Amino acid sequence: MVIKKTAGERIFDCINTIFLVMLAIACLYPLLYVLFASFSQPIELMKHRGLLLRPLGFTIDGYKLVFKNPSITTGYLNTLFYVTAGTAINLFMTSLGAYVLSRKNVLWKNTIAFMITITMLFSGGLIPFYLLVKSLGMVNTRWALIIPGAISTYNLFVMRTSFASIPDSLEESAKIDGANDFIILFRIILPLSKAVLAVMTLFYAVGHWNAWFNAMIFLRKRELFPLQLILREILIANDMQSMSNLEGLVDISVQANADIVYFARLLVQYCTIIVATLPILFLYPFVQKYFVKGVMIGSLKG
Amino acid sequence: MTRAQIKTDIIRNKYIYIMALPVVAYYIIFHYMPMYGAIIAFKEFNPALGIIRSPWVGLKHFKDFFEGVYFWRLIRNTLLISIYSLVWGFPAPIILALLLNEVKNNYFKRTVQTISYLPHFISLVVVCGIIKDFTSTDGVINDIIEFLGGERTNFLMIPEWFRPIYVGSGIWQEVGWGSIIYLAAITNIDPQLYEAATIDGASRWKQTWHITLPGIVPTIVILLILRLGGLMSVGFEKIILLYNSATMETADVISSYVYRRGLLDFDYSFSAAVGLFNSVINLILITSANKFSRKISETSLW
C-alpha cells in the first residue's frame with residue numbers, strides 16, 4: 001500500500017533533510033578546519049580570513065616538527081601503554097565483578113551490589129581521593145593512572161546485565177563436568193559475550209586515550225606524561241616549552257616577525273590536534289556500531 | 001543460614017569468593033576509603049600527622065565556606081551552568097532522535113548518525129583547544145563576525161560569553177551521542193501501533209505526537225531524574241580547561257573551586273569540606289528526584 005505524501009509532509013521532509021545535513025556539517029567541520037589548517041603554509045594562514053575549504057598551500061613541516069618533538073613521541077608511547085595496560089585491568093576486574101553479581105546463590109551478593117550502587121550516588125570527593133592515592137605511594141608512578149579507575153561502575157552493571165542473560169543451564173552442565181568458576185567465566189561466559197566485551201574495550205580504551213586530569217594531579221615526571229597532558233600544555237596553557245624550536249618551520253632570523261611566529265605556533269597546534277585525534281578518527285568508522293550497541297545494552301533496565 | 005552452612009558454601013564455591021575479593025577490595029579502597037577520608041572536612045588536616053591524629057575543628061570549614069565571599073557566586077554559577085545545559089541540552093537529543101526517525105532513507109540516516117556521534121569521542125583537551133582557537137580574536141568565528149560587519153571580540157575573556165560557550169560546545173559534543181538511547185527506545189515501540197494509526201488515518205505528525213513521543217517518555221523521565229540529580233554537580237575538567245582570571249566571575253563552579261583550593265593552594269581540609277557539602281547536596285537531589293518521579297510517573301531509578 002503506497003500512501004501519497006501530502007504537500008505538508010513533503011515540505012517537512014525537505015526541511016528535515018536540510019537541517020540534518022547542516023547538523024552533520026556542524027559536527028564535522030571544526031575537525032576538517034583543523035585538518036586543512038594543519039597542512040597550510042603559515043604565511044597563507046596569516047593572510048587568510050574566514051572558513052577554510054581546503055589547505056592553503058601545502059606543507060607537512062608542521063607534522064615533521066611535531067614528530068621531532070620528544071615530548072610528543074614519549075607522550076604517544078606512554079598513552080599507548082596506559083591504554084593497553086589500563087584497559088586490560090579494567091576488563092579483567094569488570095568481568096570478575098559482573099560475573100559475581102550475575103550468579104545465583106552467592107552469599108552477600110545483595111550486600112555487595114548495594115555497596116557498589118552507593119558509590120554511584122555518593123563519593124568522598126576529589127581531595128580525599130587525591131590524599132588516598134598519595135598515601136598509597138602511587139604519585140609519580142604509572143599505577144596512578146591505571147589502578148584507581150580499575151572499574152567503572154556503570155560498565156560493571158552493563159556487563160552484569162549481559163552476563164545474566166546467558167542461560168544458567170550452560171553453567172550448570174559445566175559445573176557437573178567439574179568446571180570451576182574461573183573456567184566458566186573465561187571459557188564459557190566471556191566467549192559468549194563478545195559484543196559486550198568489544199563495547200567495554202572501546203569505552204575503556206577511549207577513556208584512557210582521552211584522560212588527562214589524573215595525570216595532571218598525580219604525575220610530576222615529564223617522562224611519564226600521557227599525550228593529552230602534553231596537548232594541554234600546547235593547546236590550553238600555550239606553553240611552548242615543549243615546542244620551543246620553530247626554526248625548522250619559519251626562518252625567524254630573516255623575518256623577525258612576531259605574527260609569523262604566532263601562526264607557526266598555530267600550525268603546530270593544529271598538527272598536534274590531528275596527531276592526537278587521528279587514531280580515534282581512523283578507528284571510529286569501524287567500531288561505531290559497537291558503541292551504539294553498548295548504549296543499547298546499558299539502556300535496558302537490569 | 002547457620003555458620004556451619006556458610007562455611008561449607010564458601011569451601012564448596014571458593015572460586016567465586018576468590019573472584020569477589022579483588023572487586024570488593026577495589027571498592028573499599030578506592031571508594032569507601034575516600035568517604036572515610038572525607039572526615040578531614042571536620043579536622044585541621046596536617047599531612048605530617050595523618051587523618052587520625054589531625055585535630056578536630058568541628059564545622060569551622062563549613063562555616064568559613066558558607067560565610068566566605070565566594071559562596072553565593074559558586075552556587076549561582078554551578079546552578080546556572082546546569083540549568084542552561086538542562087534547558088538547551090536536554091531536549092536537543094530528543095528532537096534529533098525524532099527528526100532522524102522521520103528519515104526514510106536508511107543510508108542517509110546512518111551517515112548523519114555516524115557523523116553526529118563523532119564529537120563525543122574527541123578528547124576534552126582537544127575540544128577546548130579548538131574552542132580556544134576558534135573564539136580567539138583572530139579566530140575563524142571573529143573572521144565571520146567581521147565579515148558580517150561586527151566587531152572582533154575575544155570571547156573567552158568575556159564573562160558573559162562563558163556560559164553560552166560552555167553549554168553550546170557541550171551540545172555540539174553530545175547531541176548525537178545522546179540521541180542513541182532515544183532511537184533505541186523508539187525501535188522498541190510496537191509497530192502495530194503505527195499500523196493501526198495509519199488505518200485510522202492519523203497523519204505522520206499525529207503519529208509522532210501520540211505514539212512515538214509517549215513511547216519514549218519512560219526513557220525521558222529516567223534521564224531527566226539523572227539530570228536533576230546532577231543539578232549541583234558540574235564537572236571541573238572542562239571548566240578548568242576553559243576559564244581564566246577574566247571569566248572567574250561566571251565560570252568558577254564548586255568543583256573547580258575545590259580543585260583550586262585543594263590541589264593548587266593545598267587547603268586540604270577546607271576544600272574537602274566544600275566537596276563534602278557538594279556530595280551531600282547531590283545525594284539529596286538524586287534521591288528526591290527519584291522519589292518525586294516515582295510518585296507522579298511510576299518510573300524510577302530504583
# chains A, B, ... in the order shown; residues from 1 in each chain; ligands from 1
>>> interface_residues(of="chain A", to="chain B", cutoff="6 Å", atoms="only C-alpha atoms", output="MDAnalysis selection string")
chainID A and resid 24 27 49:50 96:97 121 124:125 127:129 181 210 232 235:236
>>> atom_distance(atom1="CA of Thr84 in chain A", atom2="CA of Phe203 in chain A")
12.7 Å
>>> decode(residues="range 30-146 of chain A", atoms="C-alpha atoms", output="tab-separated table (two decimals), in the first residue's frame")
chain	number	residue	atom	x	y	z
A	30	PRO	CA	35.61	22.03	13.12
A	31	LEU	CA	37.78	18.96	12.65
A	32	LEU	CA	38.02	19.48	8.91
A	33	TYR	CA	39.09	23.06	9.52
A	34	VAL	CA	41.86	21.89	11.82
A	35	LEU	CA	42.87	19.25	9.29
A	36	PHE	CA	43.04	21.77	6.42
A	37	ALA	CA	44.85	24.30	8.56
A	38	SER	CA	47.42	21.71	9.66
A	39	PHE	CA	48.61	21.31	6.05
A	40	SER	CA	48.58	25.03	5.25
A	41	GLN	CA	51.53	27.37	4.88
A	42	PRO	CA	51.75	29.58	7.98
A	43	ILE	CA	52.13	32.70	5.80
A	44	GLU	CA	48.96	31.86	3.88
A	45	LEU	CA	47.19	31.12	7.14
A	46	MET	CA	48.17	34.55	8.40
A	47	LYS	CA	46.73	36.31	5.37
A	48	HIS	CA	43.59	34.22	5.28
A	49	ARG	CA	40.27	35.23	6.83
A	50	GLY	CA	37.23	33.05	7.38
A	51	LEU	CA	36.40	29.43	6.71
A	52	LEU	CA	38.85	27.04	5.12
A	53	LEU	CA	37.60	24.72	2.42
A	54	ARG	CA	40.98	23.22	1.55
A	55	PRO	CA	44.59	23.57	2.76
A	56	LEU	CA	46.21	26.87	1.81
A	57	GLY	CA	49.34	25.82	0.02
A	58	PHE	CA	50.65	22.51	1.19
A	59	THR	CA	53.28	21.65	3.73
A	60	ILE	CA	53.97	18.83	6.13
A	61	ASP	CA	56.55	20.85	8.02
A	62	GLY	CA	54.23	21.18	10.99
A	63	TYR	CA	53.94	17.41	11.26
A	64	LYS	CA	57.69	16.99	10.88
A	65	LEU	CA	58.17	19.34	13.79
A	66	VAL	CA	55.56	17.55	15.88
A	67	PHE	CA	57.18	14.19	15.34
A	68	LYS	CA	60.61	15.59	16.05
A	69	ASN	CA	59.38	16.70	19.44
A	70	PRO	CA	60.48	14.19	22.11
A	71	SER	CA	57.62	15.17	24.47
A	72	ILE	CA	55.03	14.17	21.92
A	73	THR	CA	56.68	10.91	20.96
A	74	THR	CA	57.16	9.81	24.59
A	75	GLY	CA	53.64	11.03	25.32
A	76	TYR	CA	52.34	8.88	22.49
A	77	LEU	CA	54.17	5.81	23.75
A	78	ASN	CA	53.04	6.45	27.33
A	79	THR	CA	49.44	6.79	26.20
A	80	LEU	CA	49.71	3.52	24.27
A	81	PHE	CA	50.93	1.89	27.48
A	82	TYR	CA	48.15	3.41	29.62
A	83	VAL	CA	45.51	2.42	27.07
A	84	THR	CA	46.73	-1.18	26.79
A	85	ALA	CA	47.57	-1.94	30.41
A	86	GLY	CA	44.68	0.13	31.77
A	87	THR	CA	42.08	-1.45	29.51
A	88	ALA	CA	43.37	-4.96	30.27
A	89	ILE	CA	43.00	-4.38	34.02
A	90	ASN	CA	39.60	-2.71	33.51
A	91	LEU	CA	38.30	-5.68	31.55
A	92	PHE	CA	39.65	-8.25	33.99
A	93	MET	CA	38.24	-6.53	37.07
A	94	THR	CA	34.92	-5.63	35.46
A	95	SER	CA	34.38	-9.20	34.23
A	96	LEU	CA	35.09	-10.60	37.69
A	97	GLY	CA	32.65	-8.20	39.31
A	98	ALA	CA	29.99	-8.70	36.67
A	99	TYR	CA	30.30	-12.48	36.94
A	100	VAL	CA	29.97	-12.49	40.72
A	101	LEU	CA	26.92	-10.23	40.56
A	102	SER	CA	25.25	-12.23	37.80
A	103	ARG	CA	25.47	-15.65	39.51
A	104	LYS	CA	22.77	-17.08	41.71
A	105	ASN	CA	23.35	-18.26	45.26
A	106	VAL	CA	26.34	-16.10	46.02
A	107	LEU	CA	26.43	-15.24	49.70
A	108	TRP	CA	26.20	-11.50	50.45
A	109	LYS	CA	25.60	-10.82	46.77
A	110	ASN	CA	22.95	-8.21	47.51
A	111	THR	CA	25.17	-6.58	50.08
A	112	ILE	CA	27.97	-6.33	47.53
A	113	ALA	CA	25.61	-4.98	44.87
A	114	PHE	CA	24.26	-2.44	47.35
A	115	MET	CA	27.73	-1.39	48.38
A	116	ILE	CA	28.65	-0.82	44.74
A	117	THR	CA	25.45	1.07	43.92
A	118	ILE	CA	26.03	3.50	46.79
A	119	THR	CA	29.28	4.62	45.15
A	120	MET	CA	27.27	5.86	42.17
A	121	LEU	CA	25.26	8.16	44.43
A	122	PHE	CA	27.84	9.37	46.90
A	123	SER	CA	31.56	9.94	46.85
A	124	GLY	CA	34.14	11.20	49.27
A	125	GLY	CA	35.22	13.89	46.85
A	126	LEU	CA	38.31	14.89	44.98
A	127	ILE	CA	40.54	15.83	47.91
A	128	PRO	CA	40.19	12.62	49.98
A	129	PHE	CA	40.65	10.66	46.74
A	130	TYR	CA	43.83	12.57	45.97
A	131	LEU	CA	45.17	12.09	49.51
A	132	LEU	CA	44.37	8.38	49.36
A	133	VAL	CA	46.23	7.80	46.10
A	134	LYS	CA	49.09	9.82	47.50
A	135	SER	CA	49.19	7.79	50.71
A	136	LEU	CA	49.25	4.57	48.67
A	137	GLY	CA	52.55	5.79	47.20
A	138	MET	CA	51.17	5.93	43.67
A	139	VAL	CA	52.10	9.55	42.98
A	140	ASN	CA	54.62	9.79	40.16
A	141	THR	CA	54.09	6.18	39.15
A	142	ARG	CA	52.22	4.75	36.19
A	143	TRP	CA	49.91	2.92	38.61
A	144	ALA	CA	48.17	6.18	39.46
A	145	LEU	CA	46.56	6.22	36.02
A	146	ILE	CA	45.61	2.56	35.96
